[in-house]
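Structure file work.json with JSON, C-alpha atoms:
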[["chain", "number", "residue", "atom", "x", "y", "z"],
["A", 238, "MET", "CA", 5.24, -11.43, -3.98],
["A", 239, "PHE", "CA", 8.07, -13.96, -4.29],
["A", 240, "GLN", "CA", 7.73, -17.36, -2.63],
["A", 241, "LYS", "CA", 11.41, -17.26, -1.64],
["A", 242, "ARG", "CA", 13.62, -14.20, -1.27],
["A", 243, "CYS", "CA", 16.41, -12.83, 0.91],
["A", 244, "PHE", "CA", 18.07, -9.50, 1.68],
["A", 245, "ASP", "CA", 21.69, -10.58, 2.16],
["A", 246, "ILE", "CA", 22.96, -7.91, -0.27],
["A", 247, "PRO", "CA", 22.61, -4.41, 1.28],
["A", 248, "GLY", "CA", 19.83, -2.46, -0.40],
["A", 249, "LYS", "CA", 18.82, -5.37, -2.64],
["A", 250, "MET", "CA", 16.27, -8.14, -2.62],
["A", 251, "GLU", "CA", 17.58, -11.41, -4.00],
["A", 252, "LYS", "CA", 14.99, -13.66, -5.63],
["A", 253, "LEU", "CA", 15.28, -17.34, -4.78],
["A", 254, "SER", "CA", 12.31, -18.51, -6.84],
["A", 255, "ASP", "CA", 11.62, -18.34, -10.57],
["A", 256, "THR", "CA", 8.02, -17.18, -10.26],
["A", 257, "PHE", "CA", 6.23, -14.39, -8.45],
["A", 258, "THR", "CA", 2.76, -12.92, -8.14],
["A", 259, "LEU", "CA", 2.11, -9.27, -8.92],
["A", 260, "ASN", "CA", -1.07, -7.82, -7.41],
["A", 261, "ILE", "CA", -2.33, -4.61, -9.03],
["A", 262, "SER", "CA", -5.18, -2.78, -7.40],
["A", 263, "MET", "CA", -6.86, 0.47, -8.47],
["A", 264, "LEU", "CA", -10.32, 1.93, -8.93],
["A", 265, "SER", "CA", -10.09, 2.52, -12.68],
["A", 266, "VAL", "CA", -10.88, -0.69, -14.58],
["A", 267, "LYS", "CA", -9.85, 0.95, -17.89],
["A", 268, "THR", "CA", -6.42, 1.83, -16.49],
["A", 269, "ILE", "CA", -5.92, -1.78, -15.36],
["A", 270, "GLU", "CA", -6.99, -3.08, -18.80],
["A", 271, "HIS", "CA", -4.48, -0.79, -20.58],
["A", 272, "LEU", "CA", -1.74, -1.76, -18.14],
["A", 273, "ILE", "CA", -2.33, -5.50, -18.58],
["A", 274, "MET", "CA", -2.54, -5.18, -22.38],
["A", 275, "GLY", "CA", 0.78, -3.32, -22.41],
["A", 276, "MET", "CA", 2.46, -5.88, -20.18],
["A", 277, "PHE", "CA", 1.26, -8.86, -22.19],
["A", 278, "GLU", "CA", 2.05, -7.34, -25.57],
["A", 279, "SER", "CA", 5.72, -8.27, -25.24],
["A", 280, "GLY", "CA", 5.14, -11.25, -22.93],
["A", 281, "LYS", "CA", 7.96, -10.06, -20.68],
["A", 282, "MET", "CA", 8.33, -7.86, -17.65],
["A", 283, "GLY", "CA", 11.50, -6.39, -16.18],
["A", 284, "ILE", "CA", 12.18, -5.24, -12.63],
["A", 285, "TYR", "CA", 15.32, -3.15, -12.42],
["A", 286, "ASP", "CA", 17.26, -0.26, -10.90],
["A", 287, "ASP", "CA", 20.54, 1.47, -11.77],
["A", 288, "THR", "CA", 22.75, -1.57, -11.07],
["A", 289, "SER", "CA", 20.66, -4.73, -11.46],
["A", 290, "LYS", "CA", 17.82, -6.20, -13.48],
["A", 291, "ALA", "CA", 15.59, -9.27, -13.46],
["A", 292, "GLU", "CA", 13.39, -10.23, -16.39],
["A", 293, "PHE", "CA", 10.35, -12.51, -16.26],
["A", 294, "LEU", "CA", 8.00, -14.20, -18.70],
["A", 295, "LEU", "CA", 4.34, -13.43, -18.07],
["A", 296, "LYS", "CA", 2.23, -16.57, -17.69],
["A", 297, "TYR", "CA", -1.34, -15.40, -17.04],
["A", 298, "ASP", "CA", -3.49, -12.67, -15.58],
["A", 299, "GLU", "CA", -6.60, -12.99, -13.45],
["A", 300, "LEU", "CA", -9.20, -10.39, -12.53],
["A", 301, "MET", "CA", -10.23, -10.91, -8.93],
["A", 302, "PRO", "CA", -13.98, -10.78, -8.24],
["A", 303, "GLU", "CA", -15.16, -7.80, -6.26],
["A", 304, "LEU", "CA", -16.12, -8.46, -2.66],
["A", 305, "GLU", "CA", -19.34, -7.79, -0.81],
["A", 306, "PHE", "CA", -18.42, -4.77, 1.28],
["A", 307, "LYS", "CA", -19.90, -4.36, 4.75],
["A", 308, "GLU", "CA", -19.73, -1.53, 7.27],
["A", 309, "THR", "CA", -17.22, -3.44, 9.41],
["A", 310, "MET", "CA", -14.39, -5.37, 7.75],
["A", 311, "ILE", "CA", -11.04, -6.81, 8.80],
["A", 312, "TYR", "CA", -7.94, -6.24, 6.67],
["A", 313, "LYS", "CA", -4.33, -7.40, 6.63],
["A", 314, "VAL", "CA", -1.64, -4.91, 5.61],
["A", 315, "GLN", "CA", 0.45, -6.77, 3.01],
["A", 316, "THR", "CA", 3.06, -4.07, 2.35],
["A", 317, "PRO", "CA", 4.08, -1.53, 5.02],
["A", 318, "ALA", "CA", 1.56, 1.29, 5.48],
["A", 319, "VAL", "CA", 3.01, 4.78, 5.93],
["A", 320, "PHE", "CA", 1.25, 7.52, 7.91],
["A", 321, "SER", "CA", 3.14, 10.71, 8.72],
["A", 322, "LYS", "CA", 2.93, 14.40, 9.49],
["A", 323, "LYS", "CA", 5.50, 17.18, 9.07],
["A", 324, "VAL", "CA", 7.28, 18.37, 12.22],
["A", 325, "ILE", "CA", 10.20, 20.71, 12.93],
["A", 326, "TYR", "CA", 13.23, 18.77, 14.19],
["A", 327, "ASN", "CA", 16.55, 20.53, 14.88],
["A", 328, "GLY", "CA", 15.28, 23.57, 13.00],
["A", 329, "LYS", "CA", 14.38, 21.56, 9.88],
["A", 330, "GLU", "CA", 11.09, 20.23, 8.58],
["A", 331, "SER", "CA", 11.00, 16.44, 8.62],
["A", 332, "PRO", "CA", 8.35, 13.70, 8.64],
["A", 333, "HIS", "CA", 7.15, 12.09, 11.85],
["A", 334, "TYR", "CA", 6.06, 8.54, 11.00],
["A", 335, "PHE", "CA", 3.16, 7.31, 13.09],
["A", 336, "SER", "CA", 3.27, 3.99, 14.88],
["A", 337, "PRO", "CA", -0.11, 2.23, 15.18],
["A", 338, "ASP", "CA", 0.37, 2.47, 18.96],
["A", 339, "GLU", "CA", 0.29, 6.27, 18.98],
["A", 340, "LYS", "CA", -2.82, 8.09, 20.15],
["A", 341, "GLU", "CA", -3.15, 10.19, 16.98],
["A", 342, "PHE", "CA", -2.80, 7.22, 14.62],
["A", 343, "GLY", "CA", -6.53, 6.49, 14.23],
["A", 344, "LEU", "CA", -7.28, 10.14, 13.46],
["A", 345, "TYR", "CA", -4.63, 10.30, 10.72],
["A", 346, "PHE", "CA", -5.75, 6.93, 9.33],
["A", 347, "LEU", "CA", -9.40, 8.02, 8.96],
["A", 348, "LYS", "CA", -8.40, 11.43, 7.62],
["A", 349, "ASN", "CA", -6.21, 9.78, 4.97],
["A", 350, "VAL", "CA", -8.89, 7.42, 3.66],
["A", 351, "SER", "CA", -11.54, 10.17, 3.80],
["A", 352, "GLU", "CA", -9.41, 12.57, 1.70],
["A", 353, "LYS", "CA", -8.72, 9.83, -0.84],
["A", 354, "PHE", "CA", -12.42, 9.05, -1.10],
["A", 355, "LYS", "CA", -13.20, 12.71, -1.80],
["A", 356, "ILE", "CA", -10.64, 12.75, -4.62],
["A", 357, "PHE", "CA", -11.79, 9.48, -6.21],
["A", 358, "SER", "CA", -15.53, 10.13, -5.86],
["A", 359, "GLY", "CA", -15.54, 13.86, -6.54],
["A", 360, "GLN", "CA", -17.67, 14.20, -3.42],
["A", 361, "LYS", "CA", -17.02, 17.35, -1.37],
["A", 362, "ASP", "CA", -18.72, 16.27, 1.85],
["A", 363, "ASP", "CA", -16.92, 14.06, 4.33],
["A", 364, "ILE", "CA", -18.16, 10.46, 4.14],
["A", 365, "LEU", "CA", -17.04, 9.73, 7.71],
["A", 366, "ASN", "CA", -19.50, 9.83, 10.58],
["A", 367, "SER", "CA", -19.38, 9.36, 14.35],
["A", 368, "ASP", "CA", -19.61, 5.56, 13.99],
["A", 369, "CYS", "CA", -16.44, 5.34, 11.86],
["A", 370, "ASP", "CA", -13.50, 3.77, 13.64],
["A", 371, "VAL", "CA", -10.26, 1.88, 13.06],
["A", 372, "LYS", "CA", -8.84, -0.67, 15.51],
["A", 373, "ILE", "CA", -5.46, -2.37, 15.30],
["A", 374, "ILE", "CA", -6.15, -6.03, 16.15],
["A", 375, "SER", "CA", -2.68, -7.57, 15.92],
["A", 376, "ASP", "CA", 0.90, -6.85, 16.80],
["A", 377, "SER", "CA", 2.52, -4.41, 14.39],
["A", 378, "LYS", "CA", 5.79, -4.98, 12.57],
["A", 379, "LYS", "CA", 7.99, -1.97, 11.86],
["A", 380, "ASN", "CA", 9.73, -1.71, 8.47],
["A", 381, "ILE", "CA", 12.37, 0.92, 7.63],
["A", 382, "TRP", "CA", 13.24, 1.55, 3.99],
["A", 383, "ASN", "CA", 15.96, 3.77, 2.52],
["A", 384, "ILE", "CA", 14.66, 4.75, -0.89],
["A", 385, "GLY", "CA", 17.39, 5.95, -3.21],
["A", 386, "SER", "CA", 17.25, 8.25, -6.20],
["A", 387, "ASN", "CA", 19.35, 8.90, -9.31],
["A", 388, "THR", "CA", 20.99, 11.86, -7.54],
["A", 389, "GLY", "CA", 22.56, 9.57, -4.94],
["A", 390, "SER", "CA", 20.41, 10.87, -2.09],
["A", 391, "SER", "CA", 18.08, 8.59, -0.14],
["A", 392, "GLN", "CA", 14.89, 9.00, 1.80],
["A", 393, "ARG", "CA", 14.15, 7.11, 5.01],
["A", 394, "VAL", "CA", 10.58, 5.81, 5.11],
["A", 395, "VAL", "CA", 8.99, 4.05, 8.07],
["A", 396, "GLY", "CA", 5.91, 1.86, 7.66],
["A", 397, "TYR", "CA", 4.11, -0.85, 9.60],
["A", 398, "LYS", "CA", 2.34, -4.14, 8.88],
["A", 399, "TYR", "CA", -0.64, -5.16, 11.02],
["A", 400, "ASP", "CA", -4.23, -6.36, 10.92],
["A", 401, "PHE", "CA", -6.98, -3.82, 11.44],
["A", 402, "GLU", "CA", -10.74, -3.62, 11.75],
["A", 403, "LEU", "CA", -12.38, -0.73, 9.91],
["A", 404, "THR", "CA", -15.90, 0.50, 10.55],
["A", 405, "ALA", "CA", -16.96, 2.85, 7.75],
["A", 406, "PRO", "CA", -19.51, 3.13, 4.90],
["A", 407, "ALA", "CA", -19.34, 0.34, 2.31],
["A", 408, "ASP", "CA", -18.23, 2.75, -0.46],
["A", 409, "LEU", "CA", -15.18, 3.70, 1.59],
["A", 410, "GLN", "CA", -14.45, 0.03, 2.35],
["A", 411, "ARG", "CA", -14.44, -0.64, -1.39],
["A", 412, "MET", "CA", -11.98, 2.18, -1.97],
["A", 413, "VAL", "CA", -9.64, 0.92, 0.79],
["A", 414, "TRP", "CA", -9.61, -2.56, -0.77],
["A", 415, "MET", "CA", -9.18, -1.34, -4.36],
["A", 416, "THR", "CA", -6.57, 1.33, -3.68],
["A", 417, "ARG", "CA", -4.28, 1.46, -0.65],
["A", 418, "ILE", "CA", -3.97, 3.11, 2.74],
["A", 419, "GLY", "CA", -1.51, 5.73, 3.93],
["A", 420, "ALA", "CA", 1.09, 7.60, 1.86],
["A", 421, "LYS", "CA", 3.59, 6.69, -0.89],
["A", 422, "ASN", "CA", 1.18, 4.25, -2.51],
["A", 423, "SER", "CA", 2.81, 4.69, -5.94],
["A", 424, "MET", "CA", 5.94, 3.09, -4.43],
["A", 425, "GLY", "CA", 3.95, 0.04, -3.33],
["A", 426, "PHE", "CA", 3.28, 1.00, 0.29],
["A", 427, "GLY", "CA", -0.05, 0.34, 2.03],
["A", 428, "PHE", "CA", -1.42, -2.59, 0.00],
["A", 429, "VAL", "CA", -4.17, -4.33, 1.98],
["A", 430, "ASP", "CA", -6.32, -7.42, 1.56],
["A", 431, "VAL", "CA", -9.31, -8.73, 3.44],
["A", 432, "LYS", "CA", -8.13, -10.99, 6.24],
["A", 433, "LYS", "CA", -9.25, -14.55, 5.74],
["A", 434, "SER", "CA", -10.72, -16.24, 8.81]]
So, in terms of structure tokens, how does the structure I just supplied come out?
Amino acid sequence: MFQKRCFDIPGKMEKLSDTFTLNISMLSVKTIEHLIMGMFESGKMGIYDDTSKAEFLLKYDELMPELEFKETMIYKVQTPAVFSKKVIYNGKESPHYFSPDEKEFGLYFLKNVSEKFKIFSGQKDDILNSDCDVKIISDSKKNIWNIGSNTGSSQRVVGYKYDFELTAPADLQRMVWMTRIGAKNSMGFGFVDVKKS
């Protein structure tokens, strides 16, 4: 998260500030500890691709206190959240990216977080019940990204930012806050935080 940035160069983000904040969120505390130790060992961190690089000095790290999770919570999507399903278009399989306005969106949202919870908890039974629900409570902002690869090909990814209210068991709320929602999380998509009133 840079305080100042611009996208005047096609396919690039230009930093206009010398400092930035990096939020890392995951369920495994040990993994975070190893990651932070590795980053601070050299005291530097680089962000780069095939044609450009920026290097930063690491100042400090801070472990955020865990929240008190309730059955209904309000979140803000900080990085675009991606929900999709495979469809056949012009005889080829391609992703259909869901807009929060679509009727099926809530179903795919709850299915996504439920499947993640099963993986992380090792629990086979579905944690969702008839009271579980997701409501979009703000306007949504569409973001389209063309993600390149070393082979020269690129993938078009569509995600959305919005505020949402989630009604679900507290254990699932914790997982949503500590991991991410939607797909392509390893690329930084779907980072959420509790919306401050």
Near stretch 353-364 of chain A, within 8 Å and counting all atoms listed in the file, which residues show up once chain neighbours fewer than 2 positions away are dropped, as a PyMOL selection string?
chain A and resi 349-351+366+406+409+412
Write out the residues from the selection above, keeping C-alpha atoms, as a PDB file, in the coordinates of the input.
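Done, and the output landed in result.pdb:
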ATOM      1  CA  ASN A 349      -6.210   9.780   4.970  1.00  0.00           C
ATOM      2  CA  VAL A 350      -8.890   7.420   3.660  1.00  0.00           C
ATOM      3  CA  SER A 351     -11.540  10.170   3.800  1.00  0.00           C
ATOM      4  CA  ASN A 366     -19.500   9.830  10.580  1.00  0.00           C
ATOM      5  CA  PRO A 406     -19.510   3.130   4.900  1.00  0.00           C
ATOM      6  CA  LEU A 409     -15.180   3.700   1.590  1.00  0.00           C
ATOM      7  CA  MET A 412     -11.980   2.180  -1.970  1.00  0.00           C
TER       8      MET A 412
END
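What separates atom CA of A:Glu270 from atom CA of A:Met301 is a distance of 13.0 Å.
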Determine, counting all atoms listed in the file, which protein, DNA and RNA residues have an atom within 10 Å of an atom of A:Gly343; residues of the same chain fewer than 4 positions away are not included. Present the result as a PyMOL selection string.
chain A and resi 335+337-339+347-349+370-373
Could you tell me which of A:Ile261, A:Ile384, A:Leu344, A:Val395 comes closest to A:Met415 if we count all atoms listed in the file?
A:Ile261
A:Phe239: which residues within 7 Å, counting all atoms listed in the file, same-chain residues fewer than 2 positions away excluded, as a JSON list (two decimals) with C-alpha atoms, in the coordinates of the input?
[["chain", "number", "residue", "atom", "x", "y", "z"],
["A", 241, "LYS", "CA", 11.41, -17.26, -1.64],
["A", 242, "ARG", "CA", 13.62, -14.20, -1.27],
["A", 254, "SER", "CA", 12.31, -18.51, -6.84],
["A", 256, "THR", "CA", 8.02, -17.18, -10.26],
["A", 257, "PHE", "CA", 6.23, -14.39, -8.45],
["A", 258, "THR", "CA", 2.76, -12.92, -8.14]]
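In this comparison, which uses only C-alpha atoms, the residue of A:Ala407, A:Ile311, A:Ile273, A:Leu365 approaching A:Val429 most closely is A:Ile311.
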Ref. answer, residues at most 12 Å from (4.1, -6.2, 17.6) with all atoms listed in the file, as a VMD selection string
chain A and resid 336 to 338 373 to 380 397 to 400
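Restricting the calculation to all atoms listed in the file, the smallest distance between A:Tyr345 and any of A:Ser279, A:Ser321, A:Asn327, A:Gln410 is found for A:Ser321.
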Spatial sel., origin (19.1, -7.2, -10.7), limit 12 Å, all atoms listed in the file, listed as a list in words
Ile246, Gly248, Lys249, Met250, Glu251, Lys252, Gly283, Ile284, Tyr285, Asp286, Asp287, Thr288, Ser289, Lys290, Ala291, Glu292 and Phe293 of chain A
Mind writing the picked residues with C-alpha atoms as a PDB file, in the coordinates of the input?
ATOM      1  CA  ILE A 246      22.960  -7.910  -0.270  1.00  0.00           C
ATOM      2  CA  GLY A 248      19.830  -2.460  -0.400  1.00  0.00           C
ATOM      3  CA  LYS A 249      18.820  -5.370  -2.640  1.00  0.00           C
ATOM      4  CA  MET A 250      16.270  -8.140  -2.620  1.00  0.00           C
ATOM      5  CA  GLU A 251      17.580 -11.410  -4.000  1.00  0.00           C
ATOM      6  CA  LYS A 252      14.990 -13.660  -5.630  1.00  0.00           C
ATOM      7  CA  GLY A 283      11.500  -6.390 -16.180  1.00  0.00           C
ATOM      8  CA  ILE A 284      12.180  -5.240 -12.630  1.00  0.00           C
ATOM      9  CA  TYR A 285      15.320  -3.150 -12.420  1.00  0.00           C
ATOM     10  CA  ASP A 286      17.260  -0.260 -10.900  1.00  0.00           C
ATOM     11  CA  ASP A 287      20.540   1.470 -11.770  1.00  0.00           C
ATOM     12  CA  THR A 288      22.750  -1.570 -11.070  1.00  0.00           C
ATOM     13  CA  SER A 289      20.660  -4.730 -11.460  1.00  0.00           C
ATOM     14  CA  LYS A 290      17.820  -6.200 -13.480  1.00  0.00           C
ATOM     15  CA  ALA A 291      15.590  -9.270 -13.460  1.00  0.00           C
ATOM     16  CA  GLU A 292      13.390 -10.230 -16.390  1.00  0.00           C
ATOM     17  CA  PHE A 293      10.350 -12.510 -16.260  1.00  0.00           C
TER      18      PHE A 293
END
Axis-aligned box for all listed atoms of stretch 304-316 of chain A, 5 Å per side, centre and edges in Å to one decimal, as lines of an AutoDock Vina configuration file:
center_x = -8.4
center_y = -5.0
center_z = 3.4
size_x = 33.0
size_y = 16.9
size_z = 22.1
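For the atom pair formed by atom CA of A:Arg417 and atom CA of A:Lys329, the distance is 29.4 Å, given to one decimal.
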